[in-house]
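A.B. asks: File model-v8.txt follows (compact mmCIF, C-alpha atoms):
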```txt
# COMPACT_ATOMS: atom_id res chain seq x y z
CA MET C 224 0.00 0.00 0.00
CA SER C 225 1.20 3.44 -0.69
CA ILE C 226 1.72 6.27 1.74
CA GLU C 227 0.97 9.85 0.85
CA ILE C 228 3.13 12.55 2.41
CA LYS C 229 2.30 16.22 2.07
CA VAL C 230 4.54 19.14 2.89
CA LEU C 231 2.42 22.22 3.58
CA GLY C 232 3.98 25.65 3.20
CA PRO C 233 3.99 28.71 0.97
CA GLY C 234 7.42 27.92 -0.48
CA CYS C 235 9.63 29.44 2.20
CA ALA C 236 13.16 28.30 2.96
CA ARG C 237 12.03 26.23 5.93
CA CYS C 238 9.40 24.50 3.77
CA LYS C 239 12.07 23.42 1.30
CA GLN C 240 14.16 22.13 4.17
CA LEU C 241 11.24 20.02 5.43
CA TYR C 242 10.65 18.71 1.92
CA SER C 243 14.22 17.46 1.62
CA GLU C 244 14.07 15.87 5.09
CA ALA C 245 10.95 14.00 3.95
CA GLU C 246 12.76 12.95 0.78
CA ARG C 247 15.62 11.56 2.85
CA ALA C 248 13.21 9.69 5.13
CA ILE C 249 11.58 8.02 2.13
CA ALA C 250 14.98 7.09 0.73
CA GLN C 251 16.11 5.66 4.08
CA LEU C 252 13.12 3.35 4.27
CA ALA C 253 12.87 2.65 0.56
CA ALA C 254 9.18 3.17 1.30
CA PRO C 255 6.58 3.25 -1.46
CA ALA C 256 5.53 6.81 -0.66
CA THR C 257 4.48 9.77 -2.73
CA LEU C 258 5.67 13.20 -1.67
CA ILE C 259 3.51 16.22 -2.51
CA LYS C 260 4.20 19.90 -2.02
CA VAL C 261 1.11 21.95 -1.09
CA GLU C 262 1.56 25.68 -1.56
CA ASP C 263 -2.01 26.94 -1.92
CA ILE C 264 -3.03 28.71 1.27
CA LYS C 265 -6.65 27.55 1.20
CA GLU C 266 -5.58 23.97 0.72
CA ILE C 267 -3.05 24.37 3.54
CA MET C 268 -5.67 25.80 5.87
CA ALA C 269 -7.93 22.81 5.27
CA TYR C 270 -5.58 21.04 7.72
CA LYS C 271 -6.28 23.70 10.37
CA ILE C 272 -2.66 24.36 11.18
CA LEU C 273 -1.34 27.60 12.69
CA ALA C 274 2.24 27.49 11.56
CA THR C 275 4.09 26.33 8.49
CA PRO C 276 5.85 24.23 7.38
CA ALA C 277 3.68 21.28 8.29
CA LEU C 278 3.93 17.59 7.52
CA VAL C 279 0.90 15.43 6.74
CA ILE C 280 1.04 11.65 6.40
CA ASN C 281 -2.03 9.96 4.98
CA GLY C 282 -4.17 12.93 5.90
CA GLU C 283 -2.91 13.17 9.47
CA VAL C 284 -0.98 16.27 10.61
CA LYS C 285 2.27 15.07 12.17
CA SER C 286 4.05 18.36 12.80
CA ALA C 287 3.54 22.07 12.24
CA GLY C 288 5.87 25.04 12.54
CA ARG C 289 9.01 22.97 12.96
CA ILE C 290 11.28 20.81 10.90
CA PRO C 291 11.40 17.22 12.13
CA ASN C 292 14.51 15.43 10.93
CA ALA C 293 14.56 12.53 8.50
CA GLY C 294 14.82 9.98 11.32
CA GLU C 295 11.69 11.28 13.03
CA ILE C 296 9.78 11.35 9.76
CA ALA C 297 10.97 7.82 8.98
CA SER C 298 9.63 6.54 12.30
CA TRP C 299 6.22 8.11 11.54
CA LEU C 300 6.27 6.50 8.12
CA ALA C 301 7.12 3.17 9.70
CA THR C 302 4.23 3.40 12.17
CA THR C 303 1.88 4.34 9.38
CA ALA C 304 3.11 1.39 7.35
CA ILE C 305 2.59 -1.00 10.25
CA LYS C 306 -0.97 0.24 10.72
CA GLN C 307 -1.66 -0.50 7.09
CA MET J 523 5.55 -3.88 2.79
CA ALA J 524 9.11 -4.38 1.62
CA ALA J 525 10.73 -2.35 4.33
CA ASP J 526 10.49 -4.82 7.24
CA GLY J 527 14.24 -4.83 7.82
CA ASN J 528 14.25 -1.07 7.90
CA LEU J 529 11.38 -1.02 10.37
CA ALA J 530 13.33 -3.24 12.72
CA ALA J 531 16.35 -0.98 12.34
CA ILE J 532 14.28 2.03 13.27
CA GLU J 533 12.89 0.32 16.32
CA ILE J 534 16.40 -0.53 17.46
CA SER J 535 17.61 3.00 16.91
CA THR J 536 14.69 4.47 18.86
CA LYS J 537 15.51 2.12 21.73
CA ARG J 538 19.12 3.15 21.60
CA THR J 539 18.30 6.86 21.89
CA ARG J 540 16.07 6.09 24.81
CA SER J 541 18.68 4.17 26.75
CA ALA J 542 21.25 6.83 25.83
CA ASN J 543 19.18 9.40 27.72
CA LYS J 544 21.20 10.41 30.74
CA PRO J 545 19.54 10.55 34.15
CA ILE J 546 18.16 13.97 34.97
CA TRP J 547 20.73 14.80 37.69
CA LEU J 548 23.59 14.10 35.32
CA SER J 549 22.09 16.42 32.72
CA GLY J 550 21.72 18.99 35.51
CA ILE J 551 25.43 18.77 36.32
CA PHE J 552 26.35 19.16 32.66
CA PHE J 553 24.05 22.16 32.48
CA VAL J 554 25.62 23.89 35.50
CA LEU J 555 29.15 23.11 34.24
CA GLY J 556 28.23 24.49 30.83
CA ILE J 557 26.93 27.74 32.31
CA ALA J 558 30.03 28.07 34.52
CA LEU J 559 32.31 27.57 31.55
CA TRP J 560 30.30 30.08 29.55
CA TRP J 561 30.63 32.65 32.35
CA LEU J 562 34.36 32.01 32.73
CA VAL J 563 34.98 32.70 29.05
CA TYR J 564 32.55 35.61 28.94
CA SER J 565 34.10 37.42 31.87
CA HIS J 566 37.57 37.30 30.30
CA LEU J 567 36.61 38.66 26.91
CA LEU J 568 37.61 42.25 27.62
CA SER J 569 41.08 41.37 28.89
CA ALA J 570 41.52 39.03 25.94
CA ALA J 571 40.58 41.79 23.49
CA THR J 572 42.92 44.25 25.22
CA TRP J 573 45.76 41.75 25.18
CA LEU J 574 45.15 40.96 21.52
CA THR J 575 45.11 44.62 20.55
CA SER J 576 47.96 46.01 22.61
CA SER J 577 50.31 43.07 23.15
CA LEU J 578 49.83 40.91 20.11
CA LEU J 579 49.07 43.49 17.42
CA ARG J 580 50.96 46.27 19.23
CA LEU J 581 48.26 48.85 18.58
CA ASP J 582 47.69 51.81 20.86
CA ALA J 583 44.05 51.86 22.01
CA ARG J 584 44.15 55.64 21.88
CA THR J 585 44.67 55.65 18.14
CA HIS J 586 41.77 55.26 15.71
CA VAL J 587 42.91 51.87 14.46
CA GLY J 588 43.60 50.63 17.96
CA ALA J 589 40.19 51.72 19.25
CA ALA J 590 38.43 50.15 16.28
CA VAL J 591 40.30 46.83 16.59
CA GLN J 592 39.75 46.57 20.33
CA PHE J 593 36.06 47.41 19.97
CA PHE J 594 35.65 44.76 17.28
CA THR J 595 37.56 41.96 19.02
CA PHE J 596 35.64 42.56 22.25
CA GLU J 597 32.13 43.07 20.90
CA VAL J 598 31.97 40.18 18.40
CA PRO J 599 32.57 37.28 20.82
CA LYS J 600 30.62 39.06 23.58
CA VAL J 601 27.49 39.60 21.50
CA LEU J 602 27.64 36.14 19.93
CA MET J 603 28.02 34.45 23.30
CA LEU J 604 25.13 36.39 24.83
CA LEU J 605 23.06 35.62 21.80
CA ALA J 606 23.74 31.88 21.97
CA LEU J 607 22.86 31.72 25.66
CA VAL J 608 19.62 33.68 25.39
CA VAL J 609 18.45 31.99 22.20
CA PHE J 610 18.98 28.67 23.93
CA GLY J 611 16.94 29.77 26.94
CA VAL J 612 14.19 31.24 24.79
CA GLY J 613 14.13 28.06 22.70
CA ILE J 614 13.35 26.10 25.85
CA ILE J 615 10.72 28.62 27.03
CA ARG J 616 9.07 28.49 23.60
CA SER J 617 8.73 24.73 23.82
CA PHE J 618 6.03 25.47 26.43
CA PHE J 619 4.11 27.94 24.28
CA THR J 620 2.85 26.50 21.03
CA PRO J 621 0.68 28.66 18.75
CA GLU J 622 -2.17 26.22 19.42
CA ARG J 623 -2.04 26.79 23.16
CA THR J 624 -1.76 30.54 22.70
CA ARG J 625 -4.85 30.50 20.52
CA ALA J 626 -6.77 28.49 23.09
CA ILE J 627 -5.89 31.14 25.69
CA LEU J 628 -6.90 34.03 23.44
CA ALA J 629 -10.10 32.64 21.92
CA GLY J 630 -13.14 34.53 23.12
CA LYS J 631 -11.09 36.95 25.25
CA ARG J 632 -12.54 40.41 25.63
CA GLU J 633 -10.75 43.25 24.00
CA SER J 634 -8.53 45.02 26.55
CA THR J 635 -7.47 41.89 28.44
CA GLY J 636 -7.12 40.08 25.14
CA ASN J 637 -4.85 42.77 23.69
CA ALA J 638 -2.59 42.71 26.73
CA LEU J 639 -2.42 38.92 26.81
CA ALA J 640 -1.87 38.65 23.07
CA SER J 641 1.04 41.09 23.17
CA LEU J 642 2.71 39.19 26.00
CA LEU J 643 2.12 35.82 24.36
CA GLY J 644 3.44 37.25 21.08
CA VAL J 645 6.82 37.54 22.76
CA VAL J 646 7.08 33.93 23.93
CA THR J 647 5.19 32.02 21.23
CA PRO J 648 7.37 30.72 18.42
CA PHE J 649 6.56 32.78 15.35
CA CYS J 650 8.05 33.33 11.95
CA SER J 651 6.66 35.96 9.62
CA CYS J 652 6.30 33.29 6.92
CA SER J 653 3.62 31.71 9.17
CA ALA J 654 1.72 34.98 9.58
CA VAL J 655 -1.05 33.97 7.16
CA PRO J 656 -1.98 30.55 8.60
CA LEU J 657 -1.75 32.05 12.06
CA PHE J 658 -3.99 34.98 11.16
CA ILE J 659 -6.63 32.70 9.62
CA GLY J 660 -6.42 30.19 12.44
CA PHE J 661 -6.88 32.96 15.02
CA VAL J 662 -9.73 34.98 13.51
CA THR J 663 -11.78 31.96 12.46
CA THR J 664 -11.79 30.46 15.95
CA GLY J 665 -13.02 33.46 17.86
CA VAL J 666 -9.89 35.48 18.56
CA PRO J 667 -10.99 39.10 17.91
CA LEU J 668 -9.30 40.93 15.01
CA GLY J 669 -7.69 43.56 17.24
CA VAL J 670 -6.34 40.90 19.59
CA THR J 671 -4.88 39.02 16.64
CA PHE J 672 -3.14 42.21 15.56
CA SER J 673 -1.67 42.75 19.02
CA PHE J 674 -0.08 39.32 18.64
CA LEU J 675 1.15 40.00 15.12
CA ILE J 676 2.72 43.31 16.15
CA ALA J 677 4.42 42.07 19.32
CA ALA J 678 5.77 38.82 17.88
CA PRO J 679 8.33 40.25 15.45
CA MET J 680 9.00 43.54 17.27
CA ILE J 681 10.02 42.15 20.65
CA ASN J 682 12.28 39.27 19.87
CA GLU J 683 15.12 37.72 21.78
CA VAL J 684 17.76 38.78 19.28
CA ALA J 685 16.81 42.45 19.56
CA LEU J 686 16.67 42.29 23.36
CA VAL J 687 20.03 40.52 23.71
CA LEU J 688 21.76 42.97 21.47
CA LEU J 689 20.22 45.96 23.22
CA PHE J 690 21.13 44.53 26.60
CA GLY J 691 24.66 43.58 25.54
CA LEU J 692 25.44 46.89 23.91
CA PHE J 693 23.46 49.49 25.87
CA GLY J 694 22.60 47.83 29.17
CA TRP J 695 19.41 46.57 30.73
CA ARG J 696 17.64 49.94 30.89
CA VAL J 697 17.53 50.44 27.15
CA ALA J 698 16.51 46.80 26.64
CA ALA J 699 13.71 47.19 29.18
CA ILE J 700 12.55 50.46 27.60
CA TYR J 701 12.46 48.80 24.22
CA ALA J 702 10.49 45.81 25.48
CA GLY J 703 8.09 47.93 27.52
CA THR J 704 7.28 50.45 24.82
CA GLY J 705 7.13 47.73 22.18
CA LEU J 706 4.53 45.88 24.27
CA ALA J 707 2.60 49.10 24.82
CA ILE J 708 2.50 49.77 21.07
CA ALA J 709 1.29 46.22 20.37
CA MET J 710 -1.46 46.49 22.99
CA VAL J 711 -2.70 49.96 22.05
CA ALA J 712 -2.39 49.52 18.28
CA GLY J 713 -4.23 46.18 18.40
CA TRP J 714 -6.92 47.68 20.64
CA THR J 715 -7.32 50.64 18.24
CA ILE J 716 -7.65 48.36 15.23
CA GLY J 717 -10.27 46.36 17.13
CA ARG J 718 -12.23 49.53 18.00
CA LEU J 719 -12.25 50.65 14.38
CA LYS J 720 -14.30 47.56 13.41
CA LEU J 721 -12.34 46.77 10.29
CA GLU J 722 -13.50 43.18 9.84
CA ARG J 723 -14.96 44.09 6.45
CA PHE J 724 -11.44 44.74 5.16
CA VAL J 725 -10.36 41.19 5.82
CA GLU J 726 -10.54 39.18 2.59
CA PRO J 727 -14.02 37.59 2.71
CA TRP J 728 -12.78 34.07 1.99
CA VAL J 729 -10.90 34.07 5.28
CA TYR J 730 -14.08 34.00 7.35
CA GLN J 731 -15.51 31.30 5.08
CA MET J 732 -12.66 28.96 5.90
CA GLU J 733 -13.75 25.99 7.88
CA SER J 734 -12.49 26.47 11.37
CA GLY J 735 -11.83 24.03 14.11
CA PRO J 736 -9.37 22.92 16.69
CA SER J 737 -5.95 22.03 15.49
CA THR J 738 -5.06 18.40 14.92
CA VAL J 739 -1.37 18.82 15.54
CA PRO J 740 -0.16 16.32 18.14
CA ASP J 741 0.52 18.17 21.40
CA GLY J 742 1.68 15.62 23.89
CA PRO J 743 3.85 16.19 26.94
CA MET J 744 7.46 16.84 26.07
CA SER J 745 10.52 15.44 27.81
CA TRP J 746 13.28 17.73 29.03
CA SER J 747 15.71 16.20 26.59
CA THR J 748 13.40 17.20 23.74
CA ARG J 749 13.16 20.73 25.13
CA THR J 750 16.94 21.02 25.48
CA GLN J 751 17.27 19.71 21.96
CA MET J 752 14.86 22.42 20.79
CA GLY J 753 17.02 24.98 22.57
CA PHE J 754 20.12 23.77 20.73
CA GLU J 755 18.26 23.70 17.45
CA ALA J 756 17.16 27.30 17.99
CA VAL J 757 20.78 28.30 18.63
CA ARG J 758 21.98 26.54 15.51
CA ASP J 759 19.19 28.00 13.42
CA ILE J 760 19.17 31.60 14.68
CA VAL J 761 22.84 32.13 15.43
CA GLY J 762 23.66 30.37 12.16
CA ARG J 763 21.44 32.82 10.33
CA VAL J 764 22.47 36.06 12.02
CA TRP J 765 26.13 35.74 13.02
CA LEU J 766 27.38 37.21 9.79
CA TYR J 767 25.13 40.25 10.23
CA VAL J 768 26.36 40.65 13.78
CA VAL J 769 29.98 40.60 12.66
CA ALA J 770 29.31 42.96 9.75
CA GLY J 771 27.25 45.28 11.93
CA ILE J 772 29.91 45.43 14.62
CA ALA J 773 32.55 46.05 11.95
CA VAL J 774 30.55 49.09 10.81
CA GLY J 775 30.19 50.08 14.44
CA ALA J 776 33.95 49.69 14.93
CA GLY J 777 34.63 51.84 11.88
CA ILE J 778 32.42 54.62 13.19
CA HIS J 779 33.85 54.12 16.66
CA GLY J 780 37.37 54.76 15.55
CA TYR J 781 36.92 57.26 12.80
CA VAL J 782 33.74 59.31 12.89
CA PRO J 783 34.15 62.35 15.15
CA GLU J 784 32.17 62.54 18.37
CA ASN J 785 28.78 64.27 18.02
CA PHE J 786 28.88 63.94 14.25
CA MET J 787 25.29 62.64 14.35
CA ALA J 788 24.08 65.16 16.89
CA HIS J 789 23.07 67.63 14.19
CA ILE J 790 21.22 65.12 12.03
CA MET J 791 19.73 62.77 14.60
CA GLY J 792 20.04 64.68 17.85
CA LYS J 793 17.25 65.84 20.13
CA GLY J 794 17.20 69.29 18.63
CA ALA J 795 15.97 68.13 15.24
CA TRP J 796 12.19 67.58 15.61
CA TRP J 797 11.95 65.98 12.18
CA SER J 798 14.50 63.32 12.99
CA VAL J 799 11.91 60.91 14.49
CA PRO J 800 9.49 60.85 11.51
CA LEU J 801 12.48 60.68 9.18
CA ALA J 802 13.87 57.70 11.09
CA VAL J 803 10.51 55.93 10.78
CA LEU J 804 10.19 56.74 7.08
CA ILE J 805 13.64 55.34 6.42
CA GLY J 806 13.08 52.38 8.73
CA VAL J 807 9.82 50.96 7.39
CA PRO J 808 10.94 49.97 3.89
CA MET J 809 14.24 48.71 5.28
CA TYR J 810 14.22 45.07 6.07
CA SER J 811 16.87 43.74 8.32
CA ASN J 812 16.93 41.41 11.22
CA ALA J 813 17.59 42.89 14.63
CA ALA J 814 21.15 41.60 14.58
CA GLY J 815 22.15 43.56 11.53
CA ILE J 816 20.73 46.86 12.62
CA ILE J 817 21.72 47.20 16.26
CA PRO J 818 25.47 47.66 16.05
CA VAL J 819 24.87 50.45 13.55
CA VAL J 820 22.38 51.88 16.01
CA GLN J 821 25.06 51.70 18.67
CA ALA J 822 27.45 53.71 16.60
CA LEU J 823 24.72 56.30 16.00
CA LEU J 824 23.96 56.57 19.71
CA GLY J 825 27.61 56.76 20.64
CA LYS J 826 28.09 59.67 18.30
CA GLY J 827 25.27 61.79 19.62
CA ALA J 828 22.06 60.57 18.01
CA ALA J 829 19.09 60.78 20.41
CA LEU J 830 17.82 57.59 22.06
CA GLY J 831 14.18 58.13 21.04
CA THR J 832 15.11 58.64 17.41
CA VAL J 833 17.25 55.53 17.39
CA LEU J 834 14.57 53.42 19.13
CA ALA J 835 11.98 54.61 16.60
CA PHE J 836 14.32 53.70 13.77
CA MET J 837 14.91 50.23 15.18
CA MET J 838 11.26 49.51 15.86
CA SER J 839 10.21 50.54 12.39
CA VAL J 840 12.88 48.36 10.80
CA ILE J 841 12.05 45.24 12.83
CA GLY J 842 8.40 45.73 13.75
CA LEU J 843 6.98 47.12 10.54
CA SER J 844 8.54 45.18 7.77
CA LEU J 845 7.60 45.37 4.15
CA PRO J 846 7.83 41.60 3.54
CA GLU J 847 5.39 40.89 6.34
CA THR J 848 2.85 43.40 5.02
CA ILE J 849 3.19 41.83 1.58
CA ILE J 850 2.55 38.39 3.07
CA LEU J 851 -0.46 39.72 5.00
CA ARG J 852 -1.88 41.21 1.79
CA LYS J 853 -3.08 37.67 1.02
CA VAL J 854 -5.64 37.92 3.82
CA LEU J 855 -6.06 41.69 4.30
CA ARG J 856 -7.41 44.35 1.96
CA PRO J 857 -5.07 47.30 1.28
CA GLN J 858 -7.22 49.58 3.47
CA LEU J 859 -6.60 47.42 6.53
CA ILE J 860 -2.90 47.14 5.77
CA ALA J 861 -2.77 50.94 5.53
CA VAL J 862 -4.51 51.30 8.90
CA PHE J 863 -2.16 48.73 10.41
CA VAL J 864 0.97 50.52 9.19
CA ALA J 865 -0.44 53.93 10.17
CA VAL J 866 -1.46 52.91 13.69
CA VAL J 867 1.79 51.10 14.46
CA GLY J 868 3.81 53.87 12.81
CA ALA J 869 2.03 56.46 14.96
CA GLY J 870 2.84 54.43 18.07
CA ILE J 871 6.50 54.29 17.11
CA LEU J 872 6.57 58.06 16.49
CA LEU J 873 5.08 58.65 19.90
CA VAL J 874 7.69 56.44 21.57
CA GLY J 875 10.45 58.24 19.69
CA TYR J 876 9.30 61.70 20.77
CA LEU J 877 8.60 60.55 24.31
CA PHE J 878 12.15 59.37 24.85
CA ASN J 879 13.71 62.35 23.19
CA VAL J 880 11.79 64.55 25.62
CA LEU J 881 12.36 62.39 28.71
CA MET J 882 16.01 61.47 28.39
```
Output the file's structure in the form of structure tokens.
C.D. replies:
Amino acid sequence: MSIEIKVLGPGCARCKQLYSEAERAIAQLAAPATLIKVEDIKEIMAYKILATPALVINGEVKSAGRIPNAGEIASWLATTAIKQ
Amino acid sequence: MAADGNLAAIEISTKRTRSANKPIWLSGIFFVLGIALWWLVYSHLLSAATWLTSSLLRLDARTHVGAAVQFFTFEVPKVLMLLALVVFGVGIIRSFFTPERTRAILAGKRESTGNALASLLGVVTPFCSCSAVPLFIGFVTTGVPLGVTFSFLIAAPMINEVALVLLFGLFGWRVAAIYAGTGLAIAMVAGWTIGRLKLERFVEPWVYQMESGPSTVPDGPMSWSTRTQMGFEAVRDIVGRVWLYVVAGIAVGAGIHGYVPENFMAHIMGKGAWWSVPLAVLIGVPMYSNAAGIIPVVQALLGKGAALGTVLAFMMSVIGLSLPETIILRKVLRPQLIAVFVAVVGAGILLVGYLFNVLM
């Protein structure tokens, strides 16, 4: 089954940083995941976050306003995968 | 799922970090030792700079070059060390104040109390101007009044730890306290005024149509090791971003220190010139710099006879009223409301500038 990861943010430097951390996490796990960048503010606000960048895995907000490192993201991916 | 091996590896590595966590008393000892070491180095910076200038480089501190070199070699490590310590502390404090918790406190608050609370929380809640839009929407759609939201948005960038550290380090605690106090007052009064003016119609209509609701961001209890880690991350992030500006700013300061004659600025930016405060604000608003870059220049201005009120007004308008932030806010605010926002905050800054030129 595939995992869908979204990076929410209006394209700021910190959003790009989060995106590359997510990329590294996917590479670490060799996980079948798709990574999507969401830059539209209305779409971002649908997740009811207060700070960007935010990370969403399969529709669930995992972090907002900070940049979790690849290891942390990988462990979320792993838990999501186990649930599936 | 093909990644079973990897999953196991992750589990092992999580376990390892857990067992690697030192007992709390050991961390406490490391903390105290770290602070002691910091203080030891910090208290010897002046003698080190003097030794470097007079003994090693054989410069006379009474000459222009000597004064400039000594100023530079003392101020750079001093300011950077202060900055690292305070950013670390603030990073830990901020781990207690998430934007979600701040919103929960502010939702449904009445105006005056709300404005005061929002300004204070603006100081301690982690905030980056790139998050201004989600924060604005998240606040106004869940019952935080518009004026209260503005108090937060004004205080958050204006009173930041970098500005306070640099003011404290370079001018002493009184100037830092004046800056923080008047900055808070501006945020409270300006936000209250915007609330009184009933400007909700100048918020882009789609904002209020957004579906609102409590945040879904996980907000569990945090361990002290996570908080300390956040403190270190803040140091790496902020000091990494601003150190170059600090060095460059102090270099400019050193240049003025050694070479520009005393009272050179007194004519242009001194108390006598009534137009100096509005001019400082007019120059300051379109300028965008972080607090670190601007303060050493400010120091040189003050040292050479510019009036404190004028300099404070200049600094506040550079940091507190930034063009990029107003451009970002344009996504959710109509131009009329942005104009009111800039005018009200600008007026507050002018008032502070004049007040201190008269008082001090």
A.B. asks: From the set C:Arg247, C:Lys260, C:Lys229, C:Lys265, which residue has the shortest atom-to-atom contact distance to chain J, counting only C-alpha atoms?
C.D. replies: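 That would be C:Lys265, the residue with the smallest distance to chain J.
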A.B. asks: Kindly provide, as a PyMOL selection string, the polymer residues lying within 7 Å of (-15.5, 37.5, 10.8), counting all atoms listed in the file and using the coordinates exactly as they appear in the file.
C.D. replies: chain J and resi 662-663+722+730
A.B. asks: List the spatial neighbours of Phe836 (chain J) as a list in words - criterion: any atom at most 6 Å away, all atoms listed in the file, same-chain residues fewer than 2 positions off excluded.
C.D. replies: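 Once the adjacent positions are removed, what remains is Ala802, Val803, Gly806, Val833, Leu834, Met838 and Ser839 of chain J.
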A.B. asks: Given the point (10.5, 24.2, 3.0) in the coordinates of this file, which residues lie within 12 Å, counting only C-alpha atoms, and how would they look as number ranges by chain?
C.D. replies: C: 229-246, 259-262, 275-278, 287-291; J: 652-653
A.B. asks: Tell me the residues of chain C close to chain J, meaning within 9 Å using all atoms listed in the file, as a PyMOL selection string.
C.D. replies: chain C and resi 224+232-233+235+251-255+264-265+267-276+283-288+294+297-298+301-302+304-305
A.B. asks: Got time to write the residues from that selection, C-alpha atoms, as an mmCIF file, in the coordinates of the input?
C.D. replies:
```
data_model
loop_
_atom_site.group_PDB
_atom_site.id
_atom_site.type_symbol
_atom_site.label_atom_id
_atom_site.label_comp_id
_atom_site.auth_asym_id
_atom_site.auth_seq_id
_atom_site.Cartn_x
_atom_site.Cartn_y
_atom_site.Cartn_z
ATOM 1 C CA MET C 224 0.000 0.000 0.000
ATOM 2 C CA GLY C 232 3.980 25.650 3.200
ATOM 3 C CA PRO C 233 3.990 28.710 0.970
ATOM 4 C CA CYS C 235 9.630 29.440 2.200
ATOM 5 C CA GLN C 251 16.110 5.660 4.080
ATOM 6 C CA LEU C 252 13.120 3.350 4.270
ATOM 7 C CA ALA C 253 12.870 2.650 0.560
ATOM 8 C CA ALA C 254 9.180 3.170 1.300
ATOM 9 C CA PRO C 255 6.580 3.250 -1.460
ATOM 10 C CA ILE C 264 -3.030 28.710 1.270
ATOM 11 C CA LYS C 265 -6.650 27.550 1.200
ATOM 12 C CA ILE C 267 -3.050 24.370 3.540
ATOM 13 C CA MET C 268 -5.670 25.800 5.870
ATOM 14 C CA ALA C 269 -7.930 22.810 5.270
ATOM 15 C CA TYR C 270 -5.580 21.040 7.720
ATOM 16 C CA LYS C 271 -6.280 23.700 10.370
ATOM 17 C CA ILE C 272 -2.660 24.360 11.180
ATOM 18 C CA LEU C 273 -1.340 27.600 12.690
ATOM 19 C CA ALA C 274 2.240 27.490 11.560
ATOM 20 C CA THR C 275 4.090 26.330 8.490
ATOM 21 C CA PRO C 276 5.850 24.230 7.380
ATOM 22 C CA GLU C 283 -2.910 13.170 9.470
ATOM 23 C CA VAL C 284 -0.980 16.270 10.610
ATOM 24 C CA LYS C 285 2.270 15.070 12.170
ATOM 25 C CA SER C 286 4.050 18.360 12.800
ATOM 26 C CA ALA C 287 3.540 22.070 12.240
ATOM 27 C CA GLY C 288 5.870 25.040 12.540
ATOM 28 C CA GLY C 294 14.820 9.980 11.320
ATOM 29 C CA ALA C 297 10.970 7.820 8.980
ATOM 30 C CA SER C 298 9.630 6.540 12.300
ATOM 31 C CA ALA C 301 7.120 3.170 9.700
ATOM 32 C CA THR C 302 4.230 3.400 12.170
ATOM 33 C CA ALA C 304 3.110 1.390 7.350
ATOM 34 C CA ILE C 305 2.590 -1.000 10.250
#
```
A.B. asks: Using only C-alpha atoms, which of J:Ala677, J:Leu824, J:Leu855, J:Val612 sits nearest Val711 (chain J)?
C.D. replies: J:Ala677
A.B. asks: Might you pull out every residue within 9 Å of region 680-693 of chain J, with all atoms listed in the file counted and same-chain residues fewer than 3 positions away left off, and present them as JSON, numbers by chain?
C.D. replies: {"J": [597, 600, 601, 604, 605, 608, 609, 612, 644, 645, 646, 675, 676, 677, 696, 697, 698, 699, 701, 702, 705, 706, 709, 760, 812, 813, 814, 817, 818, 821, 838, 839, 840, 841, 842, 843]}
A.B. asks: Tell me, in Å to one decimal, how far CA of Val563 (chain J) is from CA of Ala589 (chain J).
C.D. replies: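 Separation of CA of Val563 (chain J) and CA of Ala589 (chain J): 22.0 Å.
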A.B. asks: State, in Å with one decimal place, the distance from CA of Phe724 (chain J) to CA of Pro679 (chain J).
C.D. replies: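 Answer for the CA of Phe724 (chain J) to CA of Pro679 (chain J) separation: 22.7 Å.
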A.B. asks: Please give the centre and size of the box around region 592-602 of chain J (axis-aligned, containing every atom listed in the file, 5 Å added per side), with values in Å to one decimal and written as lines of an AutoDock Vina configuration file.
C.D. replies:
```
center_x = 33.6
center_y = 41.8
center_z = 20.4
size_x = 22.3
size_y = 21.3
size_z = 16.3
```
A.B. asks: Please report the interatomic distance between CA of Phe596 (chain J) and CA of Val774 (chain J) in Å with one decimal.
C.D. replies: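 CA of Val774 (chain J) lies 14.1 Å from CA of Phe596 (chain J).
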A.B. asks: Restricting the calculation to only C-alpha atoms: of C:Leu300, C:Ser225, C:Ile249, C:Glu295, which residue gets closest to Ile280 (chain C)?
C.D. replies: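 Ranking C:Leu300, C:Ser225, C:Ile249, C:Glu295 by distance to Ile280 (chain C), first place goes to C:Leu300.
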